[in-house]
>>> print(open('work.csv').read())   # CSV, C-alpha atoms
chain,number,residue,atom,x,y,z
Y,91,MET,CA,-24.4,-3.0,-11.6
Y,92,PRO,CA,-21.2,-0.8,-11.9
Y,93,ALA,CA,-17.8,-2.4,-12.2
Y,94,LEU,CA,-15.8,-2.7,-9.0
Y,95,GLY,CA,-13.4,0.0,-10.3
Y,96,ALA,CA,-16.2,2.5,-10.8
Y,97,LEU,CA,-17.5,1.9,-7.3
Y,98,ARG,CA,-14.0,2.4,-5.8
Y,99,LEU,CA,-13.4,5.6,-7.8
Y,100,SER,CA,-16.7,7.2,-6.8
Y,101,GLY,CA,-16.5,6.0,-3.2
Y,102,MET,CA,-12.9,6.9,-2.4
Y,103,ARG,CA,-13.1,10.7,-2.7
Y,104,TRP,CA,-11.8,12.6,0.2
Y,105,LEU,CA,-13.6,15.9,1.1
Y,106,ILE,CA,-12.2,19.2,2.3
Y,107,HIS,CA,-14.5,20.8,4.8
Y,108,GLY,CA,-12.3,23.8,5.6
Y,109,GLU,CA,-8.9,25.2,4.9
Y,110,SER,CA,-6.6,27.9,6.4
Y,111,GLU,CA,-3.1,29.1,6.0
Y,112,ALA,CA,-0.5,28.1,8.6
Y,113,TRP,CA,2.3,30.0,6.9
Y,114,GLY,CA,2.8,31.5,3.4
Y,115,ASN,CA,4.8,33.7,1.1
Y,116,PRO,CA,4.4,34.7,-2.5
Y,117,TRP,CA,5.6,31.3,-3.8
Y,118,LEU,CA,4.0,28.8,-1.5
Y,119,SER,CA,1.4,28.4,1.3
Y,120,VAL,CA,1.5,25.7,4.0
Y,121,ARG,CA,-2.2,24.9,4.6
Y,122,ARG,CA,-4.2,23.3,7.4
Y,123,LEU,CA,-7.1,21.3,6.0
Y,124,ASP,CA,-10.1,19.8,7.7
Y,125,VAL,CA,-10.5,16.6,5.6
Y,126,GLU,CA,-12.9,13.7,5.7
Y,127,GLN,CA,-11.8,10.3,4.4
Y,128,PRO,CA,-14.2,8.0,2.5
Y,129,ASP,CA,-14.9,6.1,5.7
Y,130,GLY,CA,-16.2,9.2,7.4
Y,131,LYS,CA,-13.2,9.9,9.7
Y,132,ARG,CA,-12.2,13.6,9.9
Y,133,PHE,CA,-8.9,15.0,10.9
Y,134,ASP,CA,-6.4,17.9,10.3
Y,135,TYR,CA,-4.2,17.4,7.3
Y,136,HIS,CA,-1.3,19.7,6.2
Y,137,ALA,CA,-0.4,20.4,2.6
Y,138,VAL,CA,1.6,22.8,0.5
Y,139,ARG,CA,0.0,24.9,-2.2
Y,140,LEU,CA,2.9,25.8,-4.5
Y,141,ARG,CA,2.7,28.0,-7.6
Y,142,HIS,CA,2.8,26.0,-10.8
Y,143,VAL,CA,6.1,25.3,-12.5
Y,144,ALA,CA,7.1,25.3,-16.2
Y,145,ALA,CA,10.3,23.9,-17.8
Y,146,ALA,CA,11.6,23.3,-21.3
Y,147,VAL,CA,13.5,20.5,-22.9
Y,148,VAL,CA,15.5,22.4,-25.6
Y,149,VAL,CA,17.1,20.1,-28.2
Y,150,ASP,CA,19.2,21.3,-31.1
Y,151,ALA,CA,19.7,19.9,-34.6
Y,152,ASP,CA,22.5,17.7,-33.3
Y,153,ASP,CA,20.3,16.0,-30.7
Y,154,LYS,CA,22.0,17.9,-27.8
Y,155,VAL,CA,19.9,19.1,-24.9
Y,156,LEU,CA,20.4,22.4,-23.1
Y,157,LEU,CA,21.1,21.7,-19.4
Y,158,MET,CA,22.3,23.7,-16.4
Y,159,TRP,CA,24.7,22.5,-13.7
Y,160,ARG,CA,23.2,23.7,-10.5
Y,161,HIS,CA,23.7,23.5,-6.8
Y,162,ARG,CA,20.6,22.9,-4.7
Y,163,PHE,CA,21.4,24.2,-1.2
Y,164,LEU,CA,18.5,22.5,0.5
Y,165,THR,CA,19.8,19.0,-0.4
Y,166,ASP,CA,23.4,20.2,-0.8
Y,167,ARG,CA,23.6,18.5,-4.2
Y,168,TRP,CA,24.9,19.4,-7.6
Y,169,GLY,CA,23.1,18.2,-10.7
Y,170,TRP,CA,22.0,18.8,-14.3
Y,171,GLU,CA,18.6,20.4,-14.7
Y,172,LEU,CA,16.3,21.8,-17.3
Y,173,PRO,CA,15.7,25.6,-17.3
Y,174,MET,CA,12.5,26.0,-15.2
Y,175,GLY,CA,10.7,28.3,-12.9
Y,176,LEU,CA,7.4,29.4,-11.4
Y,177,ILE,CA,4.6,30.6,-13.7
Y,178,GLU,CA,3.8,34.2,-13.1
Y,179,VAL,CA,0.3,35.6,-12.7
Y,180,GLY,CA,-1.2,36.2,-16.1
Y,181,GLU,CA,1.4,34.1,-17.8
Y,182,THR,CA,0.7,30.8,-19.6
Y,183,ALA,CA,2.9,27.8,-18.8
Y,184,ALA,CA,4.5,28.0,-22.3
Y,185,GLU,CA,5.3,31.7,-21.9
Y,186,ALA,CA,6.9,30.9,-18.5
Y,187,ALA,CA,9.0,28.1,-19.9
Y,188,ALA,CA,10.2,30.3,-22.8
Y,189,ARG,CA,11.0,33.2,-20.3
Y,190,GLU,CA,12.9,30.9,-17.9
Y,191,VAL,CA,15.0,29.4,-20.7
Y,192,GLU,CA,16.1,32.9,-21.8
Y,193,GLU,CA,16.6,34.3,-18.3
Y,194,GLU,CA,18.6,31.3,-17.1
Y,195,THR,CA,20.6,30.4,-20.2
Y,196,GLY,CA,20.7,33.3,-22.6
Y,197,TRP,CA,19.0,31.1,-25.3
Y,198,ARG,CA,15.6,32.2,-26.9
Y,199,VAL,CA,13.5,29.2,-27.9
Y,200,GLY,CA,11.3,29.0,-31.0
Y,201,GLU,CA,8.0,27.2,-31.0
Y,202,LEU,CA,7.2,25.2,-27.9
Y,203,GLU,CA,5.2,22.0,-27.9
Y,204,GLU,CA,3.7,20.5,-24.8
Y,205,LEU,CA,5.7,17.4,-23.8
Y,206,VAL,CA,4.4,16.2,-20.5
Y,207,TYR,CA,2.3,17.3,-17.5
Y,208,SER,CA,2.8,16.0,-14.0
Y,209,GLU,CA,1.8,16.6,-10.4
Y,210,PRO,CA,4.9,15.5,-8.5
Y,211,ALA,CA,3.6,15.1,-5.0
Y,212,ALA,CA,-0.2,15.2,-5.3
Y,213,GLY,CA,-0.7,13.7,-1.9
Y,214,ILE,CA,0.9,16.7,-0.1
Y,215,MET,CA,1.4,19.4,-2.7
Y,216,ASP,CA,-0.9,20.8,-5.5
Y,217,SER,CA,1.7,22.2,-7.9
Y,218,GLU,CA,1.3,21.4,-11.6
Y,219,HIS,CA,4.5,20.9,-13.6
Y,220,HIS,CA,4.4,21.6,-17.3
Y,221,VAL,CA,7.3,20.6,-19.5
Y,222,PHE,CA,7.6,21.7,-23.1
Y,223,LEU,CA,9.8,20.7,-26.0
Y,224,ALA,CA,11.6,23.2,-28.2
Y,225,THR,CA,13.7,22.1,-31.2
Y,226,ALA,CA,15.1,25.6,-32.1
Y,227,ALA,CA,16.9,28.2,-30.0
Y,228,VAL,CA,19.0,31.2,-30.8
Y,229,TRP,CA,21.7,32.8,-28.5
Y,230,VAL,CA,20.5,36.3,-27.4
Y,231,GLY,CA,23.1,37.0,-24.7
Y,232,GLU,CA,24.3,36.2,-21.3
Y,233,PRO,CA,21.7,34.9,-18.8
Y,234,THR,CA,20.0,37.6,-16.7
Y,235,GLU,CA,19.5,35.3,-13.8
Y,236,LEU,CA,23.0,35.2,-12.4
Y,237,ASN,CA,22.4,32.9,-9.4
Y,238,GLU,CA,20.8,30.0,-11.3
Y,239,SER,CA,23.7,27.8,-12.5
Y,240,ASP,CA,27.4,27.2,-12.4
Y,241,ARG,CA,27.5,26.4,-16.1
Y,242,ILE,CA,25.2,25.8,-19.1
Y,243,GLU,CA,26.0,23.2,-21.7
Y,244,TRP,CA,24.5,21.4,-24.7
Y,245,ILE,CA,24.8,17.7,-23.8
Y,246,PRO,CA,24.2,14.8,-26.2
Y,247,LEU,CA,20.7,13.4,-25.5
Y,248,SER,CA,22.2,10.0,-25.8
Y,249,ASP,CA,24.2,10.7,-22.6
Y,250,VAL,CA,21.1,11.3,-20.5
Y,251,PRO,CA,20.3,7.7,-19.5
Y,252,GLY,CA,23.9,7.3,-18.1
Y,253,MET,CA,23.7,10.6,-16.3
Y,254,ILE,CA,20.4,9.5,-14.7
Y,255,ALA,CA,22.0,6.2,-13.6
Y,256,ARG,CA,25.0,8.1,-12.1
Y,257,ARG,CA,22.6,10.4,-10.3
Y,258,GLU,CA,23.9,13.5,-12.1
Y,259,ILE,CA,20.2,14.2,-12.9
Y,260,VAL,CA,17.9,14.0,-9.9
Y,261,SER,CA,15.4,16.9,-10.3
Y,262,GLY,CA,11.9,15.4,-10.7
Y,263,ILE,CA,10.7,17.8,-13.4
Y,264,THR,CA,14.0,17.3,-15.3
Y,265,LEU,CA,13.7,13.5,-15.1
Y,266,VAL,CA,10.1,13.5,-16.2
Y,267,GLY,CA,10.8,15.9,-19.1
Y,268,LEU,CA,14.0,14.2,-20.4
Y,269,GLN,CA,12.6,10.7,-20.0
Y,270,GLN,CA,9.4,11.6,-21.9
Y,271,ALA,CA,11.4,13.2,-24.7
Y,272,LEU,CA,13.5,10.0,-24.9
Y,273,LEU,CA,10.5,7.7,-24.6
Y,274,GLN,CA,8.6,9.5,-27.4
Y,275,GLY,CA,11.7,9.9,-29.6
Y,276,ARG,CA,10.7,13.5,-29.9
Y,277,THR,CA,13.8,15.4,-30.4
Y,278,ARG,CA,14.3,17.0,-33.8
>>> encode(input="work.csv", output="structure tokens")
Amino acid sequence: MPALGALRLSGMRWLIHGESEAWGNPWLSVRRLDVEQPDGKRFDYHAVRLRHVAAAVVVDADDKVLLMWRHRFLTDRWGWELPMGLIEVGETAAEAAAREVEEETGWRVGELEELVYSEPAAGIMDSEHHVFLATAAVWVGEPTELNESDRIEWIPLSDVPGMIARREIVSGITLVGLQQALLQGRTR
């Protein structure tokens, strides 16, 4: 007889019988799904299909992390964030992370190592978030994305826990990436 956990895992799968777009643009699609719960009940469910996102934790030899001070108009909040953006068609997550760092900060990263993968709102959104670690970067010029941040700074990684506590860092992908880097002690 299978363990109770195995029964629950196999018996708790929701099924999608149909799906259509309610609204969309090149970045996201609001979807109407005909779903069936494990108990057999069917109903309309709404979800967002968002293109996948890549970010990079860039740490220098002095254990300082490259962060951007940004205003997010939707929440009307300022906060420190990692360089990040949508993964373009035909681009790997690592290529997107490297491109975003350079476009948004003017720094070109060296080798990237996968740091953490997350699905931030899997119950309503299917976006994958990939965060990479870079331990080398060179300045190549001013950022080409001019509307991304108010300022760009190298901040001591040791300051990050206090910044999180003060809600100076609230972006989910930034929190996950920085906390994973700190947890693993993977900086230099």
>>> atom_distance(input="work.csv", atom1="atom CA of Y:Trp159", atom2="atom CA of Y:Val147")
14.6 Å
>>> residues_near_point(input="work.csv", point="(9.3, 14.9, -20.4)", cutoff="8 Å", atoms="all atoms listed in the file", output="PyMOL selection string")
chain Y and resi 147+205-207+221-222+263-272
>>> write_last_selection(input="work.csv", atoms="C-alpha atoms", output="JSON list (two decimals), keeping the file's coordinate frame")
[["chain", "number", "residue", "atom", "x", "y", "z"],
["Y", 147, "VAL", "CA", 13.50, 20.50, -22.90],
["Y", 205, "LEU", "CA", 5.70, 17.40, -23.80],
["Y", 206, "VAL", "CA", 4.40, 16.20, -20.50],
["Y", 207, "TYR", "CA", 2.30, 17.30, -17.50],
["Y", 221, "VAL", "CA", 7.30, 20.60, -19.50],
["Y", 222, "PHE", "CA", 7.60, 21.70, -23.10],
["Y", 263, "ILE", "CA", 10.70, 17.80, -13.40],
["Y", 264, "THR", "CA", 14.00, 17.30, -15.30],
["Y", 265, "LEU", "CA", 13.70, 13.50, -15.10],
["Y", 266, "VAL", "CA", 10.10, 13.50, -16.20],
["Y", 267, "GLY", "CA", 10.80, 15.90, -19.10],
["Y", 268, "LEU", "CA", 14.00, 14.20, -20.40],
["Y", 269, "GLN", "CA", 12.60, 10.70, -20.00],
["Y", 270, "GLN", "CA", 9.40, 11.60, -21.90],
["Y", 271, "ALA", "CA", 11.40, 13.20, -24.70],
["Y", 272, "LEU", "CA", 13.50, 10.00, -24.90]]
>>> closest_residue(input="work.csv", among="Y:Glu235, Y:Asp124, Y:Asp129, Y:Asp153", to="Y:Val250", atoms="all atoms listed in the file")
Y:Asp153
>>> residues_around(input="work.csv", residues="stretch 166-179 of chain Y", least_positions_apart="2", cutoff="6 Å", atoms="all atoms listed in the file", output="ChimeraX atom specification")
/Y:142-145,157-164,181,186,190-191,258-259,264
>>> residues_around(input="work.csv", residues="Y:Ala188", least_positions_apart="3", cutoff="8 Å", atoms="all atoms listed in the file", output="ChimeraX atom specification")
/Y:146,184-185,191-192,198-199,202
>>> write_last_selection(input="work.csv", atoms="C-alpha atoms", output="PDB file, in the coordinates of the input")
ATOM      1  CA  ALA Y 146      11.600  23.300 -21.300  1.00  0.00           C
ATOM      2  CA  ALA Y 184       4.500  28.000 -22.300  1.00  0.00           C
ATOM      3  CA  GLU Y 185       5.300  31.700 -21.900  1.00  0.00           C
ATOM      4  CA  VAL Y 191      15.000  29.400 -20.700  1.00  0.00           C
ATOM      5  CA  GLU Y 192      16.100  32.900 -21.800  1.00  0.00           C
ATOM      6  CA  ARG Y 198      15.600  32.200 -26.900  1.00  0.00           C
ATOM      7  CA  VAL Y 199      13.500  29.200 -27.900  1.00  0.00           C
ATOM      8  CA  LEU Y 202       7.200  25.200 -27.900  1.00  0.00           C
TER       9      LEU Y 202
END
>>> residues_around(input="work.csv", residues="Y:Pro128", least_positions_apart="6", cutoff="7 Å", atoms="only C-alpha atoms", output="ChimeraX atom specification")
/Y:101-104
>>> closest_residue(input="work.csv", among="Y:Thr234, Y:Ser248, Y:Thr225, Y:Ser261", to="Y:Pro210", atoms="only C-alpha atoms")
Y:Ser261
>>> closest_residue(input="work.csv", among="Y:His136, Y:Arg241, Y:Arg141, Y:His107", to="Y:Glu218", atoms="all atoms listed in the file")
Y:Arg141
>>> residues_around(input="work.csv", residues="Y:Leu105", least_positions_apart="3", cutoff="7 Å", atoms="only C-alpha atoms", output="short mmCIF file (atom, residue, chain, number, x, y, z; two decimals) with C-alpha atoms, keeping the file's coordinate frame")
data_model
loop_
_atom_site.label_atom_id
_atom_site.label_comp_id
_atom_site.auth_asym_id
_atom_site.auth_seq_id
_atom_site.Cartn_x
_atom_site.Cartn_y
_atom_site.Cartn_z
CA VAL Y 125 -10.50 16.60 5.60
CA GLU Y 126 -12.90 13.70 5.70
CA GLN Y 127 -11.80 10.30 4.40
#
>>> atom_distance(input="work.csv", atom1="atom CA of Y:Asp240", atom2="atom CA of Y:Glu209")
27.8 Å
>>> closest_residue(input="work.csv", among="Y:Leu273, Y:Leu123, Y:Ala227, Y:Ile214", to="Y:Gly200", atoms="all atoms listed in the file")
Y:Ala227
>>> atom_distance(input="work.csv", atom1="atom CA of Y:Gly180", atom2="atom CA of Y:Glu194")
20.4 Å
>>> decode(input="work.csv", residues="stretch 138-152 of chain Y", atoms="all heavy atoms", output="CSV table (one decimal), in the first residue's frame")
chain,number,residue,atom,x,y,z
Y,138,VAL,N,-2.6,34.3,-14.8
Y,138,VAL,CA,-1.8,35.1,-15.7
Y,138,VAL,C,-0.6,34.2,-16.2
Y,138,VAL,O,0.0,33.5,-15.4
Y,138,VAL,CB,-1.2,36.3,-14.8
Y,138,VAL,CG1,-0.2,37.1,-15.7
Y,138,VAL,CG2,-2.3,37.2,-14.4
Y,139,ARG,N,-0.4,34.3,-17.4
Y,139,ARG,CA,0.8,33.7,-18.0
Y,139,ARG,C,1.7,34.8,-18.4
Y,139,ARG,O,1.5,35.6,-19.2
Y,139,ARG,CB,0.4,32.8,-19.2
Y,139,ARG,CG,-0.5,31.6,-18.9
Y,139,ARG,CD,-0.3,30.5,-19.9
Y,139,ARG,NE,-1.2,29.4,-19.6
Y,139,ARG,CZ,-0.9,28.4,-18.8
Y,139,ARG,NH1,0.3,28.3,-18.2
Y,139,ARG,NH2,-1.8,27.4,-18.6
Y,140,LEU,N,2.8,34.9,-17.6
Y,140,LEU,CA,3.8,35.9,-17.7
Y,140,LEU,C,5.1,35.4,-18.3
Y,140,LEU,O,5.5,34.3,-17.9
Y,140,LEU,CB,4.1,36.6,-16.4
Y,140,LEU,CG,5.1,37.7,-16.3
Y,140,LEU,CD1,4.8,38.9,-17.1
Y,140,LEU,CD2,5.4,38.0,-14.8
Y,141,ARG,N,5.7,36.1,-19.2
Y,141,ARG,CA,7.0,35.6,-19.7
Y,141,ARG,C,8.0,35.4,-18.5
Y,141,ARG,O,7.9,36.1,-17.5
Y,141,ARG,CB,7.6,36.6,-20.7
Y,141,ARG,CG,6.7,36.6,-22.0
Y,141,ARG,CD,7.3,37.2,-23.2
Y,141,ARG,NE,8.7,37.5,-23.2
Y,141,ARG,CZ,9.1,38.7,-23.7
Y,141,ARG,NH1,8.3,39.6,-24.2
Y,141,ARG,NH2,10.4,39.0,-23.6
Y,142,HIS,N,8.9,34.5,-18.7
Y,142,HIS,CA,9.8,34.2,-17.6
Y,142,HIS,C,10.8,35.4,-17.4
Y,142,HIS,O,11.1,36.2,-18.3
Y,142,HIS,CB,10.6,32.9,-17.9
Y,142,HIS,CG,9.6,31.8,-18.2
Y,142,HIS,ND1,8.5,31.5,-17.4
Y,142,HIS,CD2,9.6,30.8,-19.1
Y,142,HIS,CE1,7.9,30.5,-17.8
Y,142,HIS,NE2,8.5,30.0,-18.9
Y,143,VAL,N,11.4,35.4,-16.2
Y,143,VAL,CA,12.2,36.5,-15.7
Y,143,VAL,C,13.6,36.0,-15.3
Y,143,VAL,O,13.7,34.9,-14.7
Y,143,VAL,CB,11.5,37.3,-14.5
Y,143,VAL,CG1,12.4,38.4,-14.0
Y,143,VAL,CG2,10.2,37.8,-14.9
Y,144,ALA,N,14.6,36.8,-15.6
Y,144,ALA,CA,16.0,36.5,-15.1
Y,144,ALA,C,16.6,37.7,-14.4
Y,144,ALA,O,16.3,38.8,-14.8
Y,144,ALA,CB,16.8,36.1,-16.3
Y,145,ALA,N,17.4,37.4,-13.4
Y,145,ALA,CA,18.0,38.4,-12.6
Y,145,ALA,C,19.4,37.9,-12.3
Y,145,ALA,O,19.7,36.8,-12.4
Y,145,ALA,CB,17.2,38.7,-11.3
Y,146,ALA,N,20.2,38.9,-11.8
Y,146,ALA,CA,21.6,38.5,-11.4
Y,146,ALA,C,22.0,39.2,-10.1
Y,146,ALA,O,21.7,40.4,-9.9
Y,146,ALA,CB,22.6,38.9,-12.5
Y,147,VAL,N,22.6,38.4,-9.2
Y,147,VAL,CA,23.2,38.9,-8.0
Y,147,VAL,C,24.7,39.1,-8.4
Y,147,VAL,O,25.4,38.1,-8.6
Y,147,VAL,CB,23.1,37.9,-6.8
Y,147,VAL,CG1,23.9,38.4,-5.6
Y,147,VAL,CG2,21.6,37.7,-6.4
Y,148,VAL,N,25.1,40.3,-8.5
Y,148,VAL,CA,26.5,40.6,-8.9
Y,148,VAL,C,27.3,41.0,-7.7
Y,148,VAL,O,26.9,42.1,-7.1
Y,148,VAL,CB,26.6,41.6,-10.0
Y,148,VAL,CG1,28.0,41.8,-10.5
Y,148,VAL,CG2,25.7,41.3,-11.2
Y,149,VAL,N,28.3,40.3,-7.3
Y,149,VAL,CA,29.1,40.6,-6.1
Y,149,VAL,C,30.5,40.8,-6.5
Y,149,VAL,O,31.1,40.0,-7.2
Y,149,VAL,CB,29.0,39.4,-5.1
Y,149,VAL,CG1,29.7,39.7,-3.8
Y,149,VAL,CG2,27.5,39.1,-4.7
Y,150,ASP,N,31.1,41.8,-6.0
Y,150,ASP,CA,32.5,42.1,-6.3
Y,150,ASP,C,33.5,41.5,-5.3
Y,150,ASP,O,33.1,40.8,-4.3
Y,150,ASP,CB,32.7,43.6,-6.5
Y,150,ASP,CG,32.7,44.4,-5.2
Y,150,ASP,OD1,32.6,43.8,-4.1
Y,150,ASP,OD2,32.7,45.7,-5.3
Y,151,ALA,N,34.7,41.7,-5.5
Y,151,ALA,CA,35.8,41.2,-4.6
Y,151,ALA,C,35.7,41.7,-3.2
Y,151,ALA,O,36.3,41.1,-2.3
Y,151,ALA,CB,37.2,41.4,-5.2
Y,152,ASP,N,35.1,42.8,-3.0
Y,152,ASP,CA,34.9,43.4,-1.6
Y,152,ASP,C,33.6,43.0,-1.0
Y,152,ASP,O,33.2,43.6,0.0
Y,152,ASP,CB,35.0,44.9,-1.7
Y,152,ASP,CG,36.4,45.3,-2.1
Y,152,ASP,OD1,37.4,44.7,-1.7
Y,152,ASP,OD2,36.5,46.3,-2.9
